[in-house]
Amino acid sequence: MSTKSQNSFAPVVRTMALLLILALSSSVLSACAKKPQELQKTQEELEAMARDLVLSMAGGEFEEARKHFDKKMSAAVSGAQLQEIWEAISGQAGKWINVSGTTFAEEQGYRVVYVKNLFERGTLDIKVVFNNQGQVSGLWVGALESDGYTQPGYANPDLFEERELVVGQGKWELPATLTMPRNAAAGEPVPAVVLVHGSGPSNRDETIGPNKPFKDLAWGLASRGIAVLRYDKRTKVHGAAFTSEEAASFTVKEETIDDAVLAVKLLKTIDGIDPDRVFVVGHSLGATVGPRIAQACNPAEGSSSPDEDSNADADTSIAGLVMMAPTARNLADLMVEQMEYLANLDGQIDEKEAAQIQEARAAADKIKSGSLKEGEVALGAPKAYWDDLSAHDPVEIAKHLNLPILILQGERDYQVTMVDLEIWKQALSGKPNVTIKTYPDLNHLFMSGSGKSTPDEYFVPSNLAEEVVADIVDWVNSLNLHRK
């Protein structure tokens with residue numbers, strides 16, 4: 001397969017992964033809290049329907065794949081859009097090989113079938129959601145996973161232990177893992193961090209293909225005396241639970257900020273952790289909204305909006321913020337820029353790619369002009385999501401933060417580029433609380449490479465660079481914070 005055919009939609013690897021989900025869920029999923037009514041189709045029939053849907057997409061028969069969509073799903077996703085979604089999946093996962101199995105489940109009022117697909121780069125689940133009439137009312141694309149993970153050489157499992165926790169409670173509770181240095185059990189309180197994901201339905205390891213950058217980071221930090229809490233993202237665990245109203249009003253606050261604050265609150269209650277030395281480490285989208293998370297955790301920092309003050313009475317204060325590849329520009333513009341970059345990797349943009357870029361640019365212009373209608377979806381996300389991003393400039397918020405900030409940037413990153421870093425540098429110049437460091441050979445995942453970065457390297461087994469781990473550890477230890 002050529003570079004062009006693999007990568008024409010490859011920007012979904014990170015930034016657009018979230019949008020792929022929202023394009024499907026914002027209009028077509030209708031959750032109910034009640035016990036499901038009796039279905040008109042059996043479990044076996046639903047599994048066969050889900051399998052046939054995926055096989056139709058894999059065979060290029062996108063109108064055939066839509067034949068069991070309910071009215072809302074049919075209105076929301078055309079055959080052409082379904083084709084784009086499949087090409088986006090292929091851009092991440094490579095050549096489709098086969099369906100390796102199906103699993104039936106009942107989740108929060110839905111009957112769903114997970115169709116496990118084998119691609120050349122790993123396995124990927126497609127969740128098919130059914131209504132009570134046995135029609136398809138939603139789709140969900142999981143993260144690409146591979147068995148090729150290798151633990152980094154800088155991680156020493158003898159120096160830490162892991163245990164399972166839960167972030168939040170009730171409808172949106174999230175499974176989590178605490179990685180705890182063993183010296184904490186000896187009575188020495190240790191500093192700790194919460195890891196906050198980038199875009200898309202990420203698991204707690206930020207798994208992409210054989211790589212797990214958050215697992216690398218957690219094990220590396222814990223090997224050097226820093227506890228780490230990481231958790232599965234709300235859009236991964238509870239995607240099918242959003243009502244149509246919740247999906248239409250979905251913002252980055254619900255996607256990322258609320259759960260990060262809850263994770264901080266949980267971490268500060270754990271024995272062996274120094275509550276005065278709890279930090280947030282955000283990557284990509286998690287870094288971009290890092291200033292908002294800091295504001296929500298520390299309401300006295302700058303001016304926060306009323307809804308982000310909701311945790312003001314809880315012990316959620318953080319001692320500092322690490323931002324790994326934070327965006328400074330409008331996300332819609334970055335999506336167009338990524339599409340242009342990837343389409344031009346082979347030195348030319350064909351007619352189809354040019355049309356796709358032009359369509360994306362028109363959508364970005366509509367987003368930036370504020371002309372989206374209520375409930376309207378553009379570039380895969382609803383009006384509420386874009387309005388929320390536009391209303392909170394992360395650079396401006398960061399300018400008013402006084403807590404320690406560390407910004408890290410890979411110079412080979414094509415998703416969040418050195419153009420963004422320069423904006424951060426200029427805006428935060430002269431602020432003594434801000435430290436900035438770049439890495440010449442690292443990409444968006446903070447993994448090493450050479451030449452122009454492409455999505456293909458995300459699927460080459462690698463590990464987050466040891467120097468990134470060391471720099472975070474050195475920065476945390478240099479602060480020597482003992483707040484009362």
# chains A, B, ... in the order shown; residues from 1 in each chain; ligands from 1
>>> residues_around(residues="Thr251 in chain A", least_positions_apart="3", cutoff="12 Å", atoms="only C-alpha atoms", output="short mmCIF file (atom, residue, chain, number, x, y, z; two decimals) with N, CA and C atoms, in the first residue's frame")
data_model
loop_
_atom_site.label_atom_id
_atom_site.label_comp_id
_atom_site.auth_asym_id
_atom_site.auth_seq_id
_atom_site.Cartn_x
_atom_site.Cartn_y
_atom_site.Cartn_z
N LEU A 18 -11.38 11.88 18.15
CA LEU A 18 -12.56 12.34 18.89
C LEU A 18 -13.67 12.69 17.92
N LEU A 19 -13.32 13.37 16.82
CA LEU A 19 -14.33 13.89 15.92
C LEU A 19 -15.03 12.76 15.19
N LEU A 22 -17.74 11.73 17.57
CA LEU A 22 -18.82 12.69 17.72
C LEU A 22 -19.66 12.80 16.47
N SER A 26 -23.30 12.38 18.01
CA SER A 26 -23.97 13.62 18.40
C SER A 26 -25.42 13.65 17.98
N THR A 235 -15.02 9.29 26.96
CA THR A 235 -15.55 8.94 25.64
C THR A 235 -15.24 7.50 25.25
N GLU A 246 -27.15 15.18 25.39
CA GLU A 246 -25.81 15.29 25.97
C GLU A 246 -24.75 15.36 24.88
N ALA A 247 -24.93 14.57 23.83
CA ALA A 247 -23.96 14.57 22.74
C ALA A 247 -23.97 15.90 22.00
N ALA A 248 -25.16 16.48 21.79
CA ALA A 248 -25.26 17.74 21.08
C ALA A 248 -24.66 18.89 21.87
N GLU A 254 -16.79 18.36 29.55
CA GLU A 254 -17.27 17.00 29.85
C GLU A 254 -16.29 15.94 29.36
N GLU A 255 -15.64 16.21 28.25
CA GLU A 255 -14.74 15.23 27.66
C GLU A 255 -13.47 15.04 28.50
N THR A 256 -12.95 16.12 29.07
CA THR A 256 -11.60 16.07 29.65
C THR A 256 -11.49 16.74 31.01
N ILE A 257 -11.96 17.97 31.13
CA ILE A 257 -11.65 18.78 32.31
C ILE A 257 -12.26 18.22 33.59
N ASP A 258 -13.55 17.88 33.56
CA ASP A 258 -14.22 17.41 34.77
C ASP A 258 -13.53 16.19 35.36
N VAL A 289 -5.86 22.12 27.10
CA VAL A 289 -6.83 22.57 28.12
C VAL A 289 -6.21 22.52 29.52
N ALA A 381 -17.51 17.53 15.13
CA ALA A 381 -17.88 17.92 16.49
C ALA A 381 -19.07 18.88 16.45
N PRO A 382 -19.91 18.86 17.50
CA PRO A 382 -21.09 19.72 17.51
C PRO A 382 -20.74 21.18 17.79
N LYS A 383 -21.68 22.04 17.49
CA LYS A 383 -21.51 23.48 17.72
C LYS A 383 -21.05 23.78 19.14
N ALA A 384 -21.64 23.09 20.13
CA ALA A 384 -21.30 23.36 21.53
C ALA A 384 -19.82 23.12 21.79
N TYR A 385 -19.25 22.09 21.17
CA TYR A 385 -17.84 21.78 21.38
C TYR A 385 -16.95 22.89 20.85
N TRP A 386 -17.24 23.32 19.62
CA TRP A 386 -16.44 24.39 19.03
C TRP A 386 -16.63 25.71 19.77
N ASP A 387 -17.84 26.01 20.18
CA ASP A 387 -18.09 27.25 20.92
C ASP A 387 -17.29 27.27 22.23
N ASP A 388 -17.24 26.12 22.89
CA ASP A 388 -16.51 26.04 24.15
C ASP A 388 -15.02 26.27 23.92
N LEU A 389 -14.46 25.66 22.89
CA LEU A 389 -13.04 25.87 22.60
C LEU A 389 -12.75 27.33 22.26
N SER A 390 -13.66 27.94 21.49
CA SER A 390 -13.46 29.33 21.08
C SER A 390 -13.55 30.30 22.26
N ALA A 391 -14.35 29.92 23.26
CA ALA A 391 -14.59 30.82 24.40
C ALA A 391 -13.46 30.82 25.41
N HIS A 392 -12.53 29.88 25.31
CA HIS A 392 -11.46 29.76 26.30
C HIS A 392 -10.11 29.67 25.59
#
>>> residues_around(residues="Gly209 in chain A", least_positions_apart="5", cutoff="6 Å", atoms="only C-alpha atoms", output="tab-separated table (two decimals) with N, CA and C atoms, in the first residue's frame")
chain	number	residue	atom	x	y	z
A	144	LEU	N	-6.92	1.47	18.20
A	144	LEU	CA	-6.14	0.40	17.60
A	144	LEU	C	-5.16	-0.14	18.63
A	145	GLU	N	-5.14	-1.45	18.78
A	145	GLU	CA	-4.25	-2.07	19.75
A	145	GLU	C	-3.41	-3.16	19.10
A	146	SER	N	-2.24	-3.35	19.66
A	146	SER	CA	-1.30	-4.33	19.12
A	146	SER	C	-0.62	-5.05	20.27
A	459	PHE	N	3.11	3.47	14.53
A	459	PHE	CA	2.83	2.04	14.59
A	459	PHE	C	4.10	1.19	14.58
>>> select_by_dssp(residues="range 254-306 of chain A", states="alpha helix (DSSP H)", output="ChimeraX atom specification")
/A:258-267,285-288,290-297
>>> write_last_selection(atoms="N, CA, C and O atoms", output="tab-separated table (two decimals), in the first residue's frame")
chain	number	residue	atom	x	y	z
A	258	ASP	N	-13.55	17.88	33.56
A	258	ASP	CA	-14.22	17.41	34.77
A	258	ASP	C	-13.53	16.19	35.36
A	258	ASP	O	-13.32	16.11	36.59
A	259	ASP	N	-13.18	15.23	34.51
A	259	ASP	CA	-12.58	13.99	35.02
A	259	ASP	C	-11.16	14.22	35.51
A	259	ASP	O	-10.72	13.57	36.46
A	260	ALA	N	-10.44	15.15	34.90
A	260	ALA	CA	-9.10	15.47	35.38
A	260	ALA	C	-9.15	16.04	36.79
A	260	ALA	O	-8.33	15.69	37.66
A	261	VAL	N	-10.13	16.90	37.04
A	261	VAL	CA	-10.27	17.48	38.38
A	261	VAL	C	-10.62	16.39	39.39
A	261	VAL	O	-10.08	16.35	40.51
A	262	LEU	N	-11.52	15.49	39.01
A	262	LEU	CA	-11.89	14.39	39.91
A	262	LEU	C	-10.68	13.48	40.18
A	262	LEU	O	-10.52	12.97	41.30
A	263	ALA	N	-9.85	13.28	39.18
A	263	ALA	CA	-8.65	12.45	39.37
A	263	ALA	C	-7.69	13.10	40.35
A	263	ALA	O	-7.09	12.44	41.19
A	264	VAL	N	-7.53	14.42	40.24
A	264	VAL	CA	-6.68	15.14	41.19
A	264	VAL	C	-7.23	14.99	42.60
A	264	VAL	O	-6.49	14.71	43.56
A	265	LYS	N	-8.52	15.16	42.73
A	265	LYS	CA	-9.17	15.05	44.05
A	265	LYS	C	-8.93	13.68	44.66
A	265	LYS	O	-8.61	13.55	45.85
A	266	LEU	N	-9.06	12.63	43.85
A	266	LEU	CA	-8.82	11.28	44.33
A	266	LEU	C	-7.37	11.09	44.73
A	266	LEU	O	-7.07	10.54	45.81
A	267	LEU	N	-6.46	11.54	43.90
A	267	LEU	CA	-5.04	11.32	44.15
A	267	LEU	C	-4.59	11.93	45.47
A	267	LEU	O	-3.76	11.37	46.19
A	285	LEU	N	-4.46	17.47	23.38
A	285	LEU	CA	-5.65	18.17	23.86
A	285	LEU	C	-5.60	18.35	25.37
A	285	LEU	O	-5.98	19.40	25.90
A	286	GLY	N	-5.13	17.33	26.09
A	286	GLY	CA	-5.00	17.43	27.54
A	286	GLY	C	-4.05	18.53	27.97
A	286	GLY	O	-4.22	19.14	29.02
A	287	ALA	N	-3.03	18.80	27.12
A	287	ALA	CA	-2.11	19.91	27.39
A	287	ALA	C	-2.76	21.24	27.04
A	287	ALA	O	-2.62	22.22	27.76
A	288	THR	N	-3.47	21.25	25.92
A	288	THR	CA	-4.11	22.48	25.47
A	288	THR	C	-5.10	23.02	26.50
A	288	THR	O	-5.17	24.23	26.74
A	290	GLY	N	-4.91	22.25	29.58
A	290	GLY	CA	-4.23	22.23	30.88
A	290	GLY	C	-4.44	23.50	31.68
A	290	GLY	O	-4.70	23.43	32.89
A	291	PRO	N	-4.33	24.69	31.07
A	291	PRO	CA	-4.58	25.90	31.84
A	291	PRO	C	-5.99	25.96	32.41
A	291	PRO	O	-6.19	26.46	33.53
A	292	ARG	N	-6.98	25.43	31.70
A	292	ARG	CA	-8.34	25.39	32.23
A	292	ARG	C	-8.45	24.39	33.38
A	292	ARG	O	-9.17	24.63	34.35
A	293	ILE	N	-7.75	23.27	33.26
A	293	ILE	CA	-7.73	22.31	34.36
A	293	ILE	C	-7.10	22.94	35.59
A	293	ILE	O	-7.61	22.80	36.72
A	294	ALA	N	-5.99	23.63	35.39
A	294	ALA	CA	-5.32	24.30	36.52
A	294	ALA	C	-6.24	25.32	37.16
A	294	ALA	O	-6.30	25.45	38.39
A	295	GLN	N	-6.97	26.04	36.34
A	295	GLN	CA	-7.91	27.05	36.83
A	295	GLN	C	-9.04	26.40	37.62
A	295	GLN	O	-9.47	26.92	38.65
A	296	ALA	N	-9.51	25.25	37.12
A	296	ALA	CA	-10.60	24.55	37.81
A	296	ALA	C	-10.11	23.94	39.12
A	296	ALA	O	-10.86	23.89	40.10
A	297	CYS	N	-8.87	23.49	39.15
A	297	CYS	CA	-8.31	22.90	40.37
A	297	CYS	C	-7.93	23.97	41.39
A	297	CYS	O	-8.05	23.77	42.59
>>> residues_around(residues="Thr435 in chain A", least_positions_apart="5", cutoff="9 Å", atoms="only C-alpha atoms", output="compact mmCIF listing (two decimals) with N, CA, C and O atoms, in the first residue's frame")
# COMPACT_ATOMS: atom_id res chain seq x y z
N PRO A 404 3.74 26.85 38.81
CA PRO A 404 4.81 26.41 37.91
C PRO A 404 4.25 25.68 36.69
O PRO A 404 3.35 24.84 36.81
N ILE A 405 4.79 26.00 35.52
CA ILE A 405 4.37 25.40 34.26
C ILE A 405 5.59 24.92 33.50
O ILE A 405 6.57 25.66 33.34
N LEU A 406 5.53 23.68 33.01
CA LEU A 406 6.58 23.12 32.16
C LEU A 406 5.95 22.77 30.81
O LEU A 406 4.99 22.00 30.76
N ILE A 407 6.47 23.34 29.73
CA ILE A 407 5.96 23.07 28.38
C ILE A 407 7.02 22.27 27.63
O ILE A 407 8.18 22.68 27.54
N LEU A 408 6.60 21.13 27.07
CA LEU A 408 7.50 20.25 26.32
C LEU A 408 6.98 20.11 24.89
O LEU A 408 5.78 19.98 24.67
N TRP A 475 12.21 18.56 36.98
CA TRP A 475 11.40 19.77 37.19
C TRP A 475 10.58 19.65 38.48
O TRP A 475 10.54 20.58 39.29
>>> atom_distance(atom1="CA of Asn402 in chain A", atom2="CA of Met418 in chain A")
24.0 Å
>>> closest_atom_pairs(of="range 314-418 of chain A", to="range 185-206 of chain A", cutoff="12 Å", atoms="only C-alpha atoms", output="JSON lines")
{"residue": "A:Thr316", "atom": "CA", "partner": "A:Val194", "partner_atom": "CA", "distance": 11.7}
{"residue": "A:Ile318", "atom": "CA", "partner": "A:Val193", "partner_atom": "CA", "distance": 9.2}
{"residue": "A:Ala319", "atom": "CA", "partner": "A:Pro191", "partner_atom": "CA", "distance": 9.6}
{"residue": "A:Gly320", "atom": "CA", "partner": "A:Val193", "partner_atom": "CA", "distance": 9.4}
{"residue": "A:Leu321", "atom": "CA", "partner": "A:Val193", "partner_atom": "CA", "distance": 9.2}
{"residue": "A:Val322", "atom": "CA", "partner": "A:Val193", "partner_atom": "CA", "distance": 9.4}
{"residue": "A:Met323", "atom": "CA", "partner": "A:Val196", "partner_atom": "CA", "distance": 9.7}
{"residue": "A:Met324", "atom": "CA", "partner": "A:Gly198", "partner_atom": "CA", "distance": 9.7}
{"residue": "A:Ala325", "atom": "CA", "partner": "A:Gly198", "partner_atom": "CA", "distance": 9.6}
{"residue": "A:Pro326", "atom": "CA", "partner": "A:Gly198", "partner_atom": "CA", "distance": 9.6}
{"residue": "A:Thr327", "atom": "CA", "partner": "A:Gly198", "partner_atom": "CA", "distance": 10.8}
{"residue": "A:Leu331", "atom": "CA", "partner": "A:Ser199", "partner_atom": "CA", "distance": 11.0}
{"residue": "A:Gly380", "atom": "CA", "partner": "A:Gly200", "partner_atom": "CA", "distance": 11.6}
{"residue": "A:Ala381", "atom": "CA", "partner": "A:Gly200", "partner_atom": "CA", "distance": 11.5}
{"residue": "A:Gln415", "atom": "CA", "partner": "A:Gly198", "partner_atom": "CA", "distance": 11.4}
{"residue": "A:Val416", "atom": "CA", "partner": "A:Gly198", "partner_atom": "CA", "distance": 11.4}
>>> closest_residue(among="A:Arg121, A:Lys366, A:His444, A:Arg51", to="Ala93 in chain A", atoms="only C-alpha atoms")
A:Arg121
>>> select_by_dssp(residues="range 175-410 of chain A", states="strand (DSSP E)", output="VMD selection string")
chain A and resid 175 to 181 190 to 196 227 to 231 273 to 283 320 to 324 377 to 378 381 to 382 405 to 410
>>> closest_residue(among="A:Arg230, A:Lys212, A:Lys425, A:Arg163", to="Lys437 in chain A", atoms="only C-alpha atoms")
A:Lys425
>>> closest_residue(among="A:Glu466, A:Asp474, A:Glu359, A:Asp232", to="Gly168 in chain A", atoms="only C-alpha atoms")
A:Asp232
>>> atom_distance(atom1="CA of Pro275 in chain A", atom2="CA of Ala227 in chain A")
11.5 Å
>>> atom_distance(atom1="CA of Lys127 in chain A", atom2="CA of Gly142 in chain A")
7.5 Å
>>> closest_residue(among="A:Val395, A:Ala465, A:Gly430, A:His283", to="Pro152 in chain A", atoms="only C-alpha atoms")
A:Ala465
>>> decode(residues="range 136-149 of chain A", atoms="all heavy atoms", output="short mmCIF file (atom, residue, chain, number, x, y, z; two decimals), in the first residue's frame")
data_model
loop_
_atom_site.label_atom_id
_atom_site.label_comp_id
_atom_site.auth_asym_id
_atom_site.auth_seq_id
_atom_site.Cartn_x
_atom_site.Cartn_y
_atom_site.Cartn_z
N VAL A 136 -29.72 -0.22 13.70
CA VAL A 136 -28.46 0.37 14.14
C VAL A 136 -28.69 1.84 14.48
O VAL A 136 -29.10 2.63 13.63
CB VAL A 136 -27.37 0.24 13.06
CG1 VAL A 136 -26.08 0.94 13.50
CG2 VAL A 136 -27.09 -1.23 12.75
N SER A 137 -28.42 2.19 15.73
CA SER A 137 -28.64 3.57 16.17
C SER A 137 -27.34 4.27 16.53
O SER A 137 -27.35 5.42 16.94
CB SER A 137 -29.58 3.61 17.38
OG SER A 137 -29.04 2.89 18.47
N GLY A 138 -26.21 3.60 16.37
CA GLY A 138 -24.93 4.25 16.66
C GLY A 138 -23.75 3.35 16.36
O GLY A 138 -23.89 2.11 16.32
N LEU A 139 -22.62 3.96 16.11
CA LEU A 139 -21.36 3.26 15.91
C LEU A 139 -20.31 3.89 16.80
O LEU A 139 -20.38 5.07 17.11
CB LEU A 139 -20.89 3.37 14.45
CG LEU A 139 -21.70 2.66 13.38
CD1 LEU A 139 -21.12 2.97 12.02
CD2 LEU A 139 -21.73 1.17 13.62
N TRP A 140 -19.34 3.09 17.15
CA TRP A 140 -18.25 3.57 18.00
C TRP A 140 -16.98 2.88 17.55
O TRP A 140 -16.92 1.65 17.44
CB TRP A 140 -18.54 3.24 19.46
CG TRP A 140 -17.51 3.78 20.39
CD1 TRP A 140 -16.38 3.15 20.82
CD2 TRP A 140 -17.50 5.07 21.00
NE1 TRP A 140 -15.67 3.97 21.66
CE2 TRP A 140 -16.34 5.15 21.79
CE3 TRP A 140 -18.37 6.16 20.97
CZ2 TRP A 140 -16.02 6.28 22.53
CZ3 TRP A 140 -18.05 7.27 21.71
CH2 TRP A 140 -16.90 7.32 22.48
N VAL A 141 -15.95 3.65 17.27
CA VAL A 141 -14.68 3.10 16.81
C VAL A 141 -13.70 3.12 17.97
O VAL A 141 -13.40 4.19 18.52
CB VAL A 141 -14.13 3.90 15.63
CG1 VAL A 141 -12.81 3.30 15.15
CG2 VAL A 141 -15.15 3.92 14.49
N GLY A 142 -13.19 1.98 18.35
CA GLY A 142 -12.26 1.89 19.46
C GLY A 142 -10.84 2.24 19.04
O GLY A 142 -10.57 2.59 17.89
N ALA A 143 -9.93 2.14 19.98
CA ALA A 143 -8.52 2.43 19.71
C ALA A 143 -7.84 1.21 19.10
O ALA A 143 -8.16 0.07 19.43
CB ALA A 143 -7.82 2.82 21.01
N LEU A 144 -6.92 1.47 18.20
CA LEU A 144 -6.14 0.40 17.60
C LEU A 144 -5.16 -0.14 18.63
O LEU A 144 -4.44 0.62 19.28
CB LEU A 144 -5.39 0.93 16.37
CG LEU A 144 -4.55 -0.09 15.62
CD1 LEU A 144 -5.43 -1.13 14.96
CD2 LEU A 144 -3.68 0.62 14.57
N GLU A 145 -5.14 -1.45 18.78
CA GLU A 145 -4.25 -2.07 19.75
C GLU A 145 -3.41 -3.16 19.10
O GLU A 145 -3.81 -3.78 18.13
CB GLU A 145 -5.06 -2.65 20.92
CG GLU A 145 -5.86 -1.58 21.66
CD GLU A 145 -6.44 -2.06 22.97
OE1 GLU A 145 -6.10 -3.19 23.38
OE2 GLU A 145 -7.22 -1.31 23.57
N SER A 146 -2.24 -3.35 19.66
CA SER A 146 -1.30 -4.33 19.12
C SER A 146 -0.62 -5.05 20.27
O SER A 146 -0.52 -4.52 21.37
CB SER A 146 -0.26 -3.64 18.24
OG SER A 146 0.78 -4.53 17.90
N ASP A 147 -0.16 -6.27 20.01
CA ASP A 147 0.53 -7.03 21.04
C ASP A 147 2.03 -6.76 21.07
O ASP A 147 2.77 -7.41 21.80
CB ASP A 147 0.30 -8.54 20.82
CG ASP A 147 -1.15 -8.93 21.00
OD1 ASP A 147 -1.83 -8.26 21.79
OD2 ASP A 147 -1.59 -9.89 20.34
N GLY A 148 2.49 -5.77 20.31
CA GLY A 148 3.92 -5.55 20.17
C GLY A 148 4.53 -4.64 21.21
O GLY A 148 5.67 -4.20 21.03
N TYR A 149 3.82 -4.35 22.30
CA TYR A 149 4.36 -3.42 23.29
C TYR A 149 5.57 -4.02 24.01
O TYR A 149 5.58 -5.19 24.41
CB TYR A 149 3.30 -3.06 24.33
CG TYR A 149 3.84 -2.19 25.46
CD1 TYR A 149 4.09 -0.85 25.23
CD2 TYR A 149 4.11 -2.72 26.71
CE1 TYR A 149 4.61 -0.03 26.25
CE2 TYR A 149 4.61 -1.92 27.73
CZ TYR A 149 4.85 -0.58 27.49
OH TYR A 149 5.37 0.21 28.49
#
